[in-house]
Each structure stands twice: as structure tokens, then as C-alpha cells.
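Quick look at run.txt (compact mmCIF, C-alpha atoms and all ligand atoms):
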# COMPACT_ATOMS: atom_id res chain seq x y z
CA MET R 860 80.34 44.44 111.77
CA SER R 861 80.12 44.50 107.96
CA ASP R 862 82.09 41.84 106.09
CA GLU R 863 83.72 44.59 104.00
CA VAL R 864 85.72 46.31 106.70
CA VAL R 865 89.31 46.91 105.62
CA THR R 866 92.32 48.50 107.25
CA ASN R 867 93.26 51.72 105.55
CA ARG R 868 96.92 52.58 106.12
CA ALA R 869 98.09 56.07 105.19
CA VAL R 870 101.09 58.36 105.67
CA THR R 871 99.94 61.26 107.83
CA TYR R 872 101.23 63.98 110.15
CA ALA R 873 99.63 66.25 112.70
CA ASN R 874 101.79 69.36 112.35
CA ASN R 875 105.38 70.49 111.67
CA THR R 876 106.64 69.17 115.00
CA THR R 877 105.43 65.62 114.31
CA PRO R 878 107.02 63.31 111.74
CA ALA R 879 105.22 61.67 108.85
CA THR R 880 104.10 58.24 110.08
CA ILE R 881 101.97 55.33 108.95
CA THR R 882 98.58 55.46 110.64
CA SER R 883 95.81 52.86 110.36
CA SER R 884 92.06 53.20 110.49
CA LYS R 885 89.15 50.90 109.77
CA LEU R 886 87.14 51.59 106.66
CA ASP R 887 83.79 49.94 105.96
CA LEU R 888 83.73 49.69 102.18
CA LYS R 889 79.93 49.29 102.28
CA THR R 890 79.28 52.64 103.92
CA CYS R 891 82.39 54.84 103.66
CA TYR R 892 81.40 56.73 100.50
CA LYS R 893 78.56 59.04 99.48
CA ASN R 894 76.32 58.67 96.42
CA ASN R 895 78.54 61.03 94.41
CA GLU R 896 81.84 59.37 95.40
CA LEU R 897 84.17 56.61 94.24
CA VAL R 898 86.45 54.48 96.37
CA ILE R 899 89.83 53.83 94.73
CA GLU R 900 92.22 51.19 95.99
CA VAL R 901 95.51 53.01 95.46
CA HIS R 902 98.32 51.01 93.84
CA ALA R 903 100.91 53.80 93.54
CA ALA R 904 101.30 57.41 94.66
CA ALA R 905 103.94 59.95 93.64
CA LEU R 906 105.53 62.57 95.85
CA ASN R 907 105.89 66.24 94.98
CA PRO R 908 107.86 68.92 96.86
CA ILE R 909 104.51 70.45 97.92
CA ASP R 910 104.00 67.38 100.14
CA PHE R 911 106.92 68.02 102.48
CA ILE R 912 106.72 71.81 102.04
CA THR R 913 103.15 71.89 103.37
CA HIS R 914 104.17 69.51 106.16
CA GLN R 915 107.04 71.79 107.24
CA LEU R 916 104.78 74.85 107.14
CA CYS R 917 102.03 73.20 109.18
CA ASN R 918 101.64 75.31 112.29
CA SER R 919 99.25 73.55 114.66
CA TYR R 920 97.74 76.82 115.92
CA ILE R 921 96.63 77.66 112.41
CA PHE R 922 96.00 74.26 110.82
CA GLY R 923 95.07 72.13 113.84
CA ASN R 924 96.31 68.71 114.91
CA TYR R 925 94.06 66.34 112.97
CA PRO R 926 95.91 63.77 110.79
CA LYS R 927 96.75 65.25 107.38
CA THR R 928 97.49 62.79 104.60
CA TYR R 929 100.48 63.04 102.26
CA SER R 930 100.42 63.23 98.47
CA ARG R 931 98.24 64.12 95.57
CA ASP R 932 99.16 61.95 92.54
CA TYR R 933 97.65 58.45 92.45
CA SER R 934 96.91 55.41 90.35
CA GLY R 935 94.68 52.52 91.37
CA VAL R 936 91.52 50.51 90.81
CA ILE R 937 87.94 51.60 91.53
CA VAL R 938 86.39 49.30 94.14
CA LYS R 939 83.14 51.16 94.89
CA VAL R 940 80.96 53.57 92.91
CA GLY R 941 78.22 55.76 94.42
CA LYS R 942 74.85 55.56 92.69
CA ASN R 943 74.96 59.18 91.41
CA VAL R 944 78.44 58.93 89.92
CA ASP R 945 78.78 59.31 86.12
CA LYS R 946 78.43 55.93 84.43
CA CYS R 947 81.87 56.22 82.82
CA TRP R 948 83.38 55.17 86.19
CA LYS R 949 82.94 51.48 87.00
CA VAL R 950 84.16 49.00 89.60
CA GLY R 951 87.38 47.42 88.30
CA ASP R 952 88.43 50.46 86.20
CA LYS R 953 92.10 51.37 86.44
CA VAL R 954 92.33 55.12 87.01
CA ASN R 955 94.89 57.82 87.79
CA GLY R 956 94.85 61.49 88.59
CA VAL R 957 95.62 64.29 91.03
CA TYR R 958 93.63 64.56 94.23
CA GLY R 959 93.93 68.29 94.96
CA HIS R 960 94.07 69.24 98.63
CA ILE R 961 95.94 71.33 101.16
CA TYR R 962 96.06 69.75 104.61
CA GLY R 963 93.38 67.28 103.58
CA LYS R 964 92.30 64.42 105.81
CA ARG R 965 92.34 62.47 102.55
CA GLY R 966 95.42 62.25 100.35
CA SER R 967 96.82 59.75 97.88
CA LEU R 968 99.53 58.16 100.07
CA SER R 969 96.78 56.00 101.45
CA HIS R 970 95.58 52.50 100.56
CA PHE R 971 92.08 53.78 99.82
CA LEU R 972 91.15 57.17 98.42
CA ILE R 973 87.54 58.39 98.38
CA LEU R 974 86.72 61.22 95.98
CA ASP R 975 83.95 62.85 93.99
CA PRO R 976 85.03 62.63 90.32
CA ALA R 977 82.72 65.53 89.39
CA LYS R 978 84.73 67.76 91.73
CA ASN R 979 88.18 66.15 91.48
CA VAL R 980 88.05 66.22 87.71
CA ALA R 981 91.74 65.49 87.16
CA ILE R 982 90.97 61.77 86.96
CA THR R 983 91.20 59.53 83.91
CA HIS R 984 91.30 55.93 82.82
CA MET R 985 94.90 54.71 82.81
CA VAL R 986 96.57 54.12 79.47
CA GLU R 987 99.38 51.71 78.78
CA VAL R 988 102.79 53.33 78.61
CA PRO R 989 104.88 52.19 75.63
CA LYS R 990 107.83 50.42 77.29
CA GLY R 991 111.34 49.46 76.36
CA GLU R 992 112.73 45.91 76.58
CA ASN R 993 114.06 46.07 80.13
CA ASP R 994 111.60 48.58 81.48
CA PRO R 995 111.40 47.83 85.22
CA TYR R 996 108.18 49.73 86.00
CA ASP R 997 104.53 48.76 85.64
CA ASP R 998 101.69 50.92 84.37
CA PHE R 999 100.52 51.86 87.90
CA VAL R 1000 103.95 53.37 88.63
CA TYR R 1001 103.92 55.39 85.42
CA ALA R 1002 100.30 56.40 85.86
CA ALA R 1003 100.93 57.84 89.34
CA ALA R 1004 104.02 59.68 88.13
CA TRP R 1005 102.67 62.35 85.84
CA PRO R 1006 99.33 64.08 86.58
CA LEU R 1007 100.50 66.95 88.82
CA THR R 1008 103.74 67.82 87.03
CA PHE R 1009 102.22 67.39 83.56
CA GLY R 1010 99.15 69.39 84.59
CA THR R 1011 101.30 72.21 85.92
CA ALA R 1012 103.43 72.38 82.77
CA TYR R 1013 100.42 72.17 80.47
CA SER R 1014 98.59 74.89 82.40
CA VAL R 1015 101.62 77.20 82.15
CA LEU R 1016 101.79 76.76 78.38
CA HIS R 1017 98.03 76.75 77.77
CA ASN R 1018 96.63 79.41 80.10
CA TYR R 1019 98.58 82.60 79.34
CA LYS R 1020 100.08 83.14 75.91
CA LYS R 1021 97.39 83.14 73.23
CA LYS R 1022 99.38 81.81 70.30
CA TRP R 1023 102.44 79.63 69.94
CA SER R 1024 104.34 79.03 66.72
CA PRO R 1025 107.54 77.48 65.39
CA ASP R 1026 109.04 80.99 65.72
CA SER R 1027 108.29 81.18 69.47
CA LYS R 1028 111.26 81.27 71.83
CA VAL R 1029 111.02 80.08 75.42
CA LEU R 1030 113.52 80.10 78.27
CA VAL R 1031 113.16 77.56 81.09
CA ILE R 1032 114.81 78.28 84.45
CA GLY R 1033 115.23 74.87 86.08
CA ALA R 1034 115.41 72.64 83.00
CA SER R 1035 115.94 69.43 85.03
CA THR R 1036 112.80 69.48 87.16
CA SER R 1037 109.96 67.04 86.52
CA VAL R 1038 107.64 69.92 85.68
CA SER R 1039 110.15 71.17 83.10
CA TYR R 1040 110.51 67.64 81.71
CA ALA R 1041 106.78 67.73 80.94
CA PHE R 1042 107.07 71.37 79.82
CA VAL R 1043 109.68 70.73 77.13
CA HIS R 1044 107.79 67.69 75.80
CA ILE R 1045 104.49 69.60 75.64
CA ALA R 1046 106.18 72.71 74.19
CA LYS R 1047 107.84 70.77 71.40
CA ASN R 1048 105.35 68.00 70.67
CA TYR R 1049 101.97 69.60 71.42
CA PHE R 1050 102.36 73.37 70.89
CA ASN R 1051 105.11 73.06 68.23
CA ILE R 1052 107.24 75.73 69.83
CA GLY R 1053 110.39 76.28 67.77
CA THR R 1054 113.01 77.11 70.39
CA VAL R 1055 113.22 76.01 74.01
CA ALA R 1056 116.37 76.98 75.90
CA GLY R 1057 117.01 75.76 79.44
CA ILE R 1058 119.11 76.52 82.50
CA CYS R 1059 120.32 73.58 84.62
CA SER R 1060 123.42 72.36 86.48
CA LYS R 1061 126.40 71.67 84.25
CA ASN R 1062 126.21 67.98 85.16
CA SER R 1063 122.66 67.76 83.81
CA ILE R 1064 123.28 69.34 80.42
CA GLU R 1065 123.87 66.04 78.58
CA ARG R 1066 120.79 64.41 80.17
CA ASN R 1067 118.57 67.37 79.33
CA LYS R 1068 119.77 67.66 75.73
CA LYS R 1069 118.07 64.33 75.06
CA LEU R 1070 114.73 65.70 76.31
CA GLY R 1071 114.38 68.15 73.44
CA TYR R 1072 115.91 71.42 74.67
CA ASP R 1073 117.54 73.27 71.80
CA TYR R 1074 120.11 74.96 74.02
CA LEU R 1075 121.21 74.58 77.62
CA VAL R 1076 123.36 76.78 79.83
CA PRO R 1077 124.54 76.10 83.38
CA TYR R 1078 123.48 77.92 86.54
CA ASP R 1079 126.56 76.74 88.45
CA GLU R 1080 129.26 78.22 86.20
CA GLY R 1081 129.30 82.00 85.71
CA THR R 1082 126.01 83.83 86.23
CA ILE R 1083 122.80 82.74 84.57
CA VAL R 1084 122.14 86.22 83.21
CA ASP R 1085 125.56 86.32 81.50
CA ASN R 1086 125.19 82.77 80.22
CA VAL R 1087 121.78 83.47 78.69
CA LYS R 1088 123.07 86.76 77.28
CA ALA R 1089 125.91 84.88 75.53
CA LEU R 1090 123.43 82.28 74.25
CA ARG R 1091 121.15 84.92 72.76
CA LYS R 1092 124.08 86.48 70.98
CA SER R 1093 125.64 83.26 69.67
CA LYS R 1094 122.55 81.19 68.82
CA LEU R 1095 119.42 83.35 68.78
CA GLU R 1096 120.58 86.30 66.67
CA SER R 1097 120.12 88.39 69.82
CA GLU R 1098 116.34 87.84 69.70
CA LYS R 1099 114.41 88.12 72.95
CA PHE R 1100 112.22 85.41 74.46
CA ASP R 1101 108.43 85.26 74.12
CA PHE R 1102 108.12 83.46 77.43
CA ILE R 1103 110.25 82.74 80.48
CA PHE R 1104 109.18 79.83 82.69
CA ASP R 1105 110.67 79.53 86.17
CA SER R 1106 110.31 76.11 87.84
CA VAL R 1107 112.78 76.63 90.70
CA GLY R 1108 112.23 80.09 92.23
CA ASN R 1109 114.40 82.85 90.78
CA HIS R 1110 114.54 86.63 90.31
CA ASP R 1111 117.85 87.08 88.47
CA PHE R 1112 116.23 88.50 85.32
CA PHE R 1113 113.89 90.96 87.01
CA SER R 1114 116.16 94.01 86.82
CA VAL R 1115 117.19 93.27 83.22
CA MET R 1116 113.90 91.83 81.93
CA ASN R 1117 113.56 94.16 78.96
CA ARG R 1118 116.84 92.80 77.57
CA PHE R 1119 115.58 89.19 77.65
CA LEU R 1120 111.78 89.17 77.35
CA LYS R 1121 109.83 90.72 74.47
CA PRO R 1122 107.56 93.66 75.39
CA LYS R 1123 104.16 93.08 76.99
CA ALA R 1124 102.50 94.25 73.77
CA ASP R 1125 103.86 91.10 72.09
CA ASP R 1126 101.86 88.91 74.50
CA SER R 1127 105.01 87.88 76.36
CA PHE R 1128 104.95 86.36 79.86
CA TYR R 1129 107.19 85.52 82.79
CA VAL R 1130 105.51 82.64 84.63
CA THR R 1131 106.73 81.08 87.86
CA ILE R 1132 105.36 78.07 89.72
CA VAL R 1133 107.52 78.71 92.78
CA GLY R 1134 108.09 82.42 93.50
CA ASN R 1135 111.12 84.68 93.53
CA GLU R 1136 113.45 82.53 95.64
CA LYS R 1137 114.76 78.98 95.60
CA ALA R 1138 113.54 77.44 98.86
CA ASN R 1139 116.01 75.70 101.16
CA TYR R 1140 114.31 72.31 101.54
CA GLU R 1141 116.02 71.71 104.89
CA ASN R 1142 114.57 74.86 106.38
CA ILE R 1143 111.30 75.82 104.72
CA SER R 1144 109.66 79.03 105.89
CA TRP R 1145 106.70 81.09 104.71
CA LYS R 1146 109.22 83.82 103.86
CA SER R 1147 110.57 81.73 100.96
CA PHE R 1148 107.16 81.83 99.31
CA ILE R 1149 105.54 85.03 100.47
CA SER R 1150 108.40 87.53 100.15
CA LEU R 1151 107.88 91.25 99.61
CA GLY R 1152 109.35 90.75 96.13
CA SER R 1153 106.71 88.14 95.24
CA ILE R 1154 103.88 90.26 96.61
CA SER R 1155 105.01 93.30 94.65
CA ALA R 1156 105.54 91.19 91.51
CA ALA R 1157 102.01 89.85 91.89
CA LEU R 1158 100.24 93.09 92.79
CA ASN R 1159 102.21 95.92 91.18
CA PRO R 1160 100.06 97.13 88.27
CA PHE R 1161 102.97 99.21 86.87
CA LYS R 1162 105.46 96.39 86.41
CA SER R 1163 107.03 96.37 83.00
CA PHE R 1164 106.36 92.71 82.19
CA ASN R 1165 103.49 90.22 82.53
CA TRP R 1166 104.33 88.22 85.69
CA ARG R 1167 102.13 85.30 86.69
CA PHE R 1168 102.14 82.62 89.38
CA ALA R 1169 100.77 79.40 87.91
CA SER R 1170 99.30 76.17 89.22
CA PRO R 1171 97.54 73.28 87.49
CA THR R 1172 93.98 74.02 86.39
CA PRO R 1173 92.15 70.72 85.80
CA SER R 1174 89.37 72.55 83.90
CA ASN R 1175 91.72 72.85 80.89
CA ASN R 1176 91.53 69.05 80.61
CA PHE R 1177 95.28 68.48 80.94
CA ILE R 1178 94.58 64.95 82.13
CA GLU R 1179 93.25 63.92 78.71
CA VAL R 1180 96.07 65.73 76.88
CA GLY R 1181 98.56 63.80 79.02
CA ASN R 1182 96.87 60.51 78.17
CA GLU R 1183 96.95 61.34 74.46
CA MET R 1184 100.65 62.20 74.56
CA ILE R 1185 101.47 59.01 76.47
CA LYS R 1186 99.49 56.90 74.00
CA ASN R 1187 101.13 58.45 70.96
CA GLY R 1188 104.59 58.16 72.50
CA THR R 1189 105.38 61.89 72.70
CA TYR R 1190 105.59 61.92 76.52
CA LYS R 1191 106.75 59.16 78.84
CA PRO R 1192 106.57 59.97 82.56
CA PRO R 1193 110.10 60.17 83.97
CA ILE R 1194 110.78 57.92 86.97
CA ASP R 1195 113.64 58.67 89.35
CA SER R 1196 112.99 55.89 91.86
CA VAL R 1197 110.30 53.66 93.32
CA TYR R 1198 109.88 52.78 97.03
CA GLU R 1199 107.78 50.32 98.98
CA PHE R 1200 105.07 51.90 101.15
CA GLU R 1201 106.94 51.12 104.39
CA LYS R 1202 110.00 52.98 103.03
CA PHE R 1203 108.04 56.20 102.50
CA GLN R 1204 110.59 58.22 104.52
CA ASP R 1205 113.40 57.24 102.11
CA ALA R 1206 111.17 58.46 99.29
CA ILE R 1207 110.57 61.79 101.05
CA ASP R 1208 114.33 62.13 101.67
CA ARG R 1209 115.05 61.43 98.02
CA ILE R 1210 112.77 64.17 96.76
CA LYS R 1211 114.06 66.52 99.46
CA SER R 1212 117.62 65.94 98.19
CA ASN R 1213 116.63 68.15 95.25
CA LYS R 1214 118.61 65.87 92.97
CA ALA R 1215 115.83 63.59 91.71
CA LYS R 1216 115.67 63.28 87.96
CA GLY R 1217 112.04 62.35 87.45
CA LYS R 1218 109.35 61.29 89.84
CA VAL R 1219 109.71 59.57 93.18
CA VAL R 1220 106.93 56.98 93.33
CA ILE R 1221 105.64 54.85 96.22
CA LYS R 1222 104.10 51.46 95.51
CA MET R 1223 101.22 50.70 97.82
CA LYS R 1224 100.78 47.06 96.85
N1 LIG H 1301 102.74 76.04 91.58
C1 LIG H 1301 102.44 74.76 91.46
O1 LIG H 1301 101.28 74.37 91.33
C2 LIG H 1301 103.55 73.72 91.44
C3 LIG H 1301 103.29 72.45 90.92
C4 LIG H 1301 104.34 71.52 90.86
C5 LIG H 1301 105.59 71.87 91.35
N2 LIG H 1301 105.77 73.11 91.88
C6 LIG H 1301 107.10 73.50 92.37
O2 LIG H 1301 107.96 73.47 91.24
C7 LIG H 1301 109.27 73.10 91.65
C8 LIG H 1301 109.74 71.94 90.80
O3 LIG H 1301 109.02 70.77 91.16
P1 LIG H 1301 109.46 69.36 90.55
O4 LIG H 1301 108.69 68.32 91.25
O5 LIG H 1301 109.38 69.41 89.07
O6 LIG H 1301 110.99 69.37 91.00
P2 LIG H 1301 112.02 68.16 91.04
O7 LIG H 1301 111.74 67.24 89.89
O8 LIG H 1301 112.09 67.60 92.39
O9 LIG H 1301 113.37 68.99 90.73
C9 LIG H 1301 114.60 68.40 91.01
C10 LIG H 1301 115.65 69.03 90.10
O10 LIG H 1301 115.81 70.41 90.42
C11 LIG H 1301 117.07 70.82 89.92
N3 LIG H 1301 117.62 71.90 90.73
C12 LIG H 1301 118.01 71.82 92.04
N4 LIG H 1301 118.46 73.04 92.45
C13 LIG H 1301 118.35 73.88 91.38
C14 LIG H 1301 118.66 75.27 91.17
N5 LIG H 1301 119.17 76.03 92.15
N6 LIG H 1301 118.40 75.81 89.95
C15 LIG H 1301 117.89 75.05 88.94
N7 LIG H 1301 117.59 73.74 89.08
C16 LIG H 1301 117.80 73.17 90.29
C17 LIG H 1301 117.98 69.58 89.99
O11 LIG H 1301 118.61 69.41 88.70
P3 LIG H 1301 120.01 70.11 88.35
O12 LIG H 1301 120.94 68.97 88.09
O13 LIG H 1301 119.78 70.93 87.13
O14 LIG H 1301 120.43 70.94 89.54
C18 LIG H 1301 117.02 68.42 90.29
O15 LIG H 1301 117.19 67.30 89.47
C19 LIG H 1301 109.19 72.79 93.15
O16 LIG H 1301 109.58 73.94 93.86
C20 LIG H 1301 107.71 72.53 93.36
O17 LIG H 1301 107.31 72.79 94.68
C21 LIG H 1301 104.79 74.04 91.93
Take the structure in the file and give it back as C-alpha cells.
Ligand SMILES: NC(=O)c1ccc[n+]([C@@H]2O[C@H](COP(=O)([O-])OP(=O)(O)OC[C@H]3O[C@@H](n4cnc5c(N)ncnc54)[C@H](OP(=O)(O)O)[C@@H]3O)[C@@H](O)[C@H]2O)c1
Amino acid sequence: MSDEVVTNRAVTYANNTTPATITSSKLDLKTCYKNNELVIEVHAAALNPIDFITHQLCNSYIFGNYPKTYSRDYSGVIVKVGKNVDKCWKVGDKVNGVYGHIYGKRGSLSHFLILDPAKNVAITHMVEVPKGENDPYDDFVYAAAWPLTFGTAYSVLHNYKKKWSPDSKVLVIGASTSVSYAFVHIAKNYFNIGTVAGICSKNSIERNKKLGYDYLVPYDEGTIVDNVKALRKSKLESEKFDFIFDSVGNHDFFSVMNRFLKPKADDSFYVTIVGNEKANYENISWKSFISLGSISAALNPFKSFNWRFASPTPSNNFIEVGNEMIKNGTYKPPIDSVYEFEKFQDAIDRIKSNKAKGKVVIKMK
């Protein structure tokens, strides 16, 4: 046996009737990677709702019973480099990124992650996060905490509307989510968007004001349509929005869209990253995501507004934009909580609570 055999522990599941558990396998670090691959020893991984959503939707008849590994966001240190890998990646480099997969045998909640950096291009060299005096987290925690949410928010702002300006007006449904945290920072500090209004719970209004939203209205007092209507009248001189971004799953504006969103001819967009409904995290079903409403919103060529479903597109180089914003202090990844690897279930429960303010991160080491 090679002297470089290690135990690779990972959080995996077989299907939606089996729980997430820690499984172990032997990995020979001399032979486990191809010429175009890197081996990363993972130091931290962050959870996203997609992790437990895909788990709960995993029907064994469709997706099989092989072990599927949790998580996509990672930070860690390169321990092996294949001979055909770009020379910018070296043993000892600290890196972070998103490992994109659905039901992958490999995922980031694993002590070792093997990937091809030419294919999994959302990978970068870690940068130091400017920290406050009593900052409890290290750079690996921060580095694991942002790629997927930042990449989603950046892709929403970058990929649809052609031009942003200080006159642009944006409405965010779900102002407290981690994706929206990145969204408001990118909107204000990178695209110089003049007005960003948000909708969140009344308890989160004070917290979210500090993130840069110009106006906030609650979703749990009155109706959101009436609250936004009152906001437009009192603060926006009744002007309509150039862009509505939904990061929770909502359809409240659909029947009254022309009163809130500028016409299509003005390059306006309604972009969701979830769909038309808020999913019940305790009882996830395909119906929450693939409803008739979502299908018709996606396919109906006669709809009166530009509706899009967005996801992160690494080709737009969001990973380098994120690094730049972290370095220049205009974006600091938000951390809700950090868990030891063995306590992964507490971390999953925390994100499932739908109350996290920032990322739920798992430390592997
Ligand atoms: N399409 C994609 O590629 C993609 C990528 C990333 C994420 N997503 C999806 O985007 C959503 C957000 O992800 P995330 O990780 O940013 O979420 P998150 O950080 O876990 O969001 C938690 C926050 O959601 C807020 N919230 C709960 N119920 C709400 C409601 N009914 N209306 C408005 N806000 C509510 C809560 O704040 P309050 O105090 O305001 O209630 C809570 O703090 C998830 O559904 C996720 O699956 C999609």
C-alpha cells in the first residue's frame, strides 16, 4: 500500500429516505487524481439550501442509491496537482470556490475534494478578509462562505439588464437572505445602482438598513404589494422599478406587475432564483419548484414582463469580482454560525430553520 493513503471522511446520503451521515473511504493521494485535476484538502465548507433541498428530493428510483456528497462552497489547501493543470495552481496554495454538482459523488463537505480547475472554473486564490478587533473567524471560514451566494447575486445583476446607473431602482424580495446580502453590496458598490429597496420581516429591518438598502418594508405586516405601493408613493415619487429580484420564491406582484415594474421596452426584468412559491423546508416537494405558474412564467412568450430564472454562471468571472470586493473592503462575507464537522446535522438544522442571517459554515479541521 502507498504511504500516502488517507482517510477521506465526507457527509453523504443515498436517497431521501436515508439521513445525511459521515462516511469514510480510503484515498491514495498518489493515484486518486487525473493529470488535469487538483486535490484540495478542505478546511471549511458552507451549506446552502440547495444541499438539503436536493437531498429531500432524491428519489432512489430516479437518482440511484450511490453515496451523494453534501455541499458546494469550499476553502482549503492544494495538496496535489496533475501534470496538465495550469501552472497558476500549486501545492500549498490556499484556494476557495464553488464545486458545482447535482447529486455528485464528490462535494465539498468532504476532507478532500478532487476537481478539474479548467472545468470547475469558480476557483480562486484566497484573499485575506479585513477583520475587526474581536473577529472570531479565520480566513478559511470567510473564504468558504461566499462563492455560491455572491456568484448568484452577481450573475443576476450582470447577466440581464444591459446598463445600470445611479438612477436605477431595484426592489429585492427577501432582503435578509445571504444572496440578497451579496446583491445589495454588489448593486451599491460595484454597479453604482442608486436605489435598492427591500422586503424582509419587520424584525430584520434594522439589521438590513446597515447593509445599504435605501428603504425596507415588512412582509409580515400588511401585504407586500400594499407596502411597496405606499413606499413608491412616499419615497420614490411613484416611479416604477427597473428590476425586481426575488430571492425567496414569490408571485405577489405578477397580477399587478405593470404598476411596479417599468415596461419591457425599458430593459426591465423580474428575476427569481427560487420560483413562484416559498418552499416549506420541512416538506420539500418538486411541486414547490416546478409549478404550472413557474412553467408558464418561463415559457409563455406573450407575458407582459421579462421573467427570468437565474443561477450562478462562473463564466462571468464572479469569483474574481468577489475577491476584488473583499480586498477593497466593499463586501465582507456574512457569517451566521460555524460548526465542527461532527456537528454537521446542527448546521443543516440551522440553515433549515430559515432564520440564518449569513452563512452557515462547517470547519473540517
Ligand atoms: N437559483 C440558484 O442558483 C440559487 C442560488 C443560491 C440560492 N438559491 C435559493 O435562494 C434562496 C435564498 O438562499 P440563501 O442561502 O441566500 O437564503 P438564507 O440566507 O438561508 O435566507 C434566510 C433568510 O430568509 C429570510 N426569510 C425567511 N422566510 C422569508 C419569507 N417568507 N420572505 C422573505 N424572507 C424570508 C429570513 O429573514 P427574515 O428575517 O427577513 O424573515 C432569513 O434570515 C433559497 O431558496 C435558495 O435555495 C438559489
Under the rule of at most 7 Å, produce a per-residue listing of chain R near ligand LIG 1301 (chain H): chain, number, name, the closest pair of atoms, and the distance in Å, as JSON lines, using all atoms listed in the file.
{"residue": "R:Asn907", "atom": "CA", "partner": "H:LIG1301", "partner_atom": "O4", "distance": 5.1}
{"residue": "R:Pro908", "atom": "CA", "partner": "H:LIG1301", "partner_atom": "O17", "distance": 4.5}
{"residue": "R:Ile909", "atom": "CA", "partner": "H:LIG1301", "partner_atom": "O17", "distance": 4.9}
{"residue": "R:Leu1007", "atom": "CA", "partner": "H:LIG1301", "partner_atom": "C4", "distance": 6.3}
{"residue": "R:Thr1008", "atom": "CA", "partner": "H:LIG1301", "partner_atom": "C4", "distance": 5.4}
{"residue": "R:Thr1011", "atom": "CA", "partner": "H:LIG1301", "partner_atom": "C3", "distance": 5.4}
{"residue": "R:Ile1032", "atom": "CA", "partner": "H:LIG1301", "partner_atom": "C15", "distance": 6.3}
{"residue": "R:Gly1033", "atom": "CA", "partner": "H:LIG1301", "partner_atom": "C15", "distance": 3.9}
{"residue": "R:Ala1034", "atom": "CA", "partner": "H:LIG1301", "partner_atom": "O13", "distance": 6.3}
{"residue": "R:Ser1035", "atom": "CA", "partner": "H:LIG1301", "partner_atom": "O11", "distance": 4.5}
{"residue": "R:Thr1036", "atom": "CA", "partner": "H:LIG1301", "partner_atom": "O9", "distance": 3.6}
{"residue": "R:Ser1037", "atom": "CA", "partner": "H:LIG1301", "partner_atom": "O5", "distance": 3.5}
{"residue": "R:Val1038", "atom": "CA", "partner": "H:LIG1301", "partner_atom": "O5", "distance": 3.8}
{"residue": "R:Ser1039", "atom": "CA", "partner": "H:LIG1301", "partner_atom": "O5", "distance": 6.3}
{"residue": "R:Ile1058", "atom": "CA", "partner": "H:LIG1301", "partner_atom": "C15", "distance": 6.7}
{"residue": "R:Cys1059", "atom": "CA", "partner": "H:LIG1301", "partner_atom": "O13", "distance": 3.7}
{"residue": "R:Ser1060", "atom": "CA", "partner": "H:LIG1301", "partner_atom": "O13", "distance": 4.0}
{"residue": "R:Asn1062", "atom": "CA", "partner": "H:LIG1301", "partner_atom": "O12", "distance": 6.1}
{"residue": "R:Ser1063", "atom": "CA", "partner": "H:LIG1301", "partner_atom": "O12", "distance": 4.8}
{"residue": "R:Tyr1078", "atom": "CA", "partner": "H:LIG1301", "partner_atom": "N6", "distance": 6.5}
{"residue": "R:Ser1106", "atom": "CA", "partner": "H:LIG1301", "partner_atom": "O2", "distance": 4.9}
{"residue": "R:Val1107", "atom": "CA", "partner": "H:LIG1301", "partner_atom": "C7", "distance": 5.1}
{"residue": "R:Gly1108", "atom": "CA", "partner": "H:LIG1301", "partner_atom": "O16", "distance": 6.9}
{"residue": "R:Ile1132", "atom": "CA", "partner": "H:LIG1301", "partner_atom": "N1", "distance": 3.8}
{"residue": "R:Val1133", "atom": "CA", "partner": "H:LIG1301", "partner_atom": "C6", "distance": 5.2}
{"residue": "R:Lys1137", "atom": "CA", "partner": "H:LIG1301", "partner_atom": "N5", "distance": 6.3}
{"residue": "R:Phe1168", "atom": "CA", "partner": "H:LIG1301", "partner_atom": "N1", "distance": 7.0}
{"residue": "R:Ala1169", "atom": "CA", "partner": "H:LIG1301", "partner_atom": "N1", "distance": 5.4}
{"residue": "R:Ser1170", "atom": "CA", "partner": "H:LIG1301", "partner_atom": "O1", "distance": 3.4}
{"residue": "R:Pro1171", "atom": "CA", "partner": "H:LIG1301", "partner_atom": "O1", "distance": 5.5}
{"residue": "R:Ile1210", "atom": "CA", "partner": "H:LIG1301", "partner_atom": "O8", "distance": 5.6}
{"residue": "R:Asn1213", "atom": "CA", "partner": "H:LIG1301", "partner_atom": "C9", "distance": 4.7}
{"residue": "R:Lys1214", "atom": "CA", "partner": "H:LIG1301", "partner_atom": "C18", "distance": 4.0}
{"residue": "R:Ala1215", "atom": "CA", "partner": "H:LIG1301", "partner_atom": "O15", "distance": 4.5}
{"residue": "R:Lys1216", "atom": "CA", "partner": "H:LIG1301", "partner_atom": "O15", "distance": 4.6}
{"residue": "R:Gly1217", "atom": "CA", "partner": "H:LIG1301", "partner_atom": "O7", "distance": 5.5}
{"residue": "R:Lys1218", "atom": "CA", "partner": "H:LIG1301", "partner_atom": "O7", "distance": 6.4}
Next on the checklist: Which residues are close to R:His960, i.e. within 12 Å by only C-alpha atoms, leaving aside same-chain residues fewer than 3 positions away? Reply as a PyMOL selection string.
Outcome noted: chain R and resi 909-910+913+927-932+957+963-967+974+978-979+1007
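In terms of minimum interatomic distance to R:Ile1178, R:Ala1012 ranks closest within R:Ala903, R:Thr890, R:Val988, R:Ala1012, counting all atoms listed in the file.
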Next on the checklist: Report as a ChimeraX atom specification all protein, DNA and RNA residues lying within 12 Å of R:His902, evaluated on all atoms listed in the file, omitting residues in the same chain fewer than 3 positions from it.
Outcome noted: /R:899,905,932-937,953-955,967-972,997-1004,1199-1200,1220-1224
Checklist entry - Which protein, DNA or RNA residues have an atom at most 12 Å from (103.8, 71.6, 68.5), counting all atoms listed in the file? List them as a ChimeraX atom specification. => result /R:1016,1022-1027,1042-1055,1184,1189
When you look at R:Lys1068 with a cut-off of 10 Å (counting all atoms listed in the file), what residues show up, excluding the ones that are within fewer than 6 positions of it in the same chain? I need them as a PDB file with C-alpha atoms, in the coordinates of the input.
ATOM      1  CA  ALA R1034     115.410  72.640  83.000  1.00  0.00           C
ATOM      2  CA  ALA R1056     116.370  76.980  75.900  1.00  0.00           C
ATOM      3  CA  GLY R1057     117.010  75.760  79.440  1.00  0.00           C
ATOM      4  CA  TYR R1074     120.110  74.960  74.020  1.00  0.00           C
ATOM      5  CA  LEU R1075     121.210  74.580  77.620  1.00  0.00           C
TER       6      LEU R1075
END
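The environment of R:Ser1097 within 12 Å, counting all atoms listed in the file and disregarding residues fewer than 2 places along the same chain, consists of Lys1028, Val1087, Lys1088, Ala1089, Leu1090, Arg1091, Lys1092, Ser1093, Lys1094, Leu1095, Lys1099, Phe1100, Arg1118, Phe1119, Leu1120 and Lys1121 of chain R.
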Item to check | Residue nearest R:Ala879 - candidates R:Ala1041, R:Val1180, R:Ala904, R:Cys917, atoms counted: only C-alpha atoms | outcome: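 Of all the options, R:Cys917 lies closest to R:Ala879.
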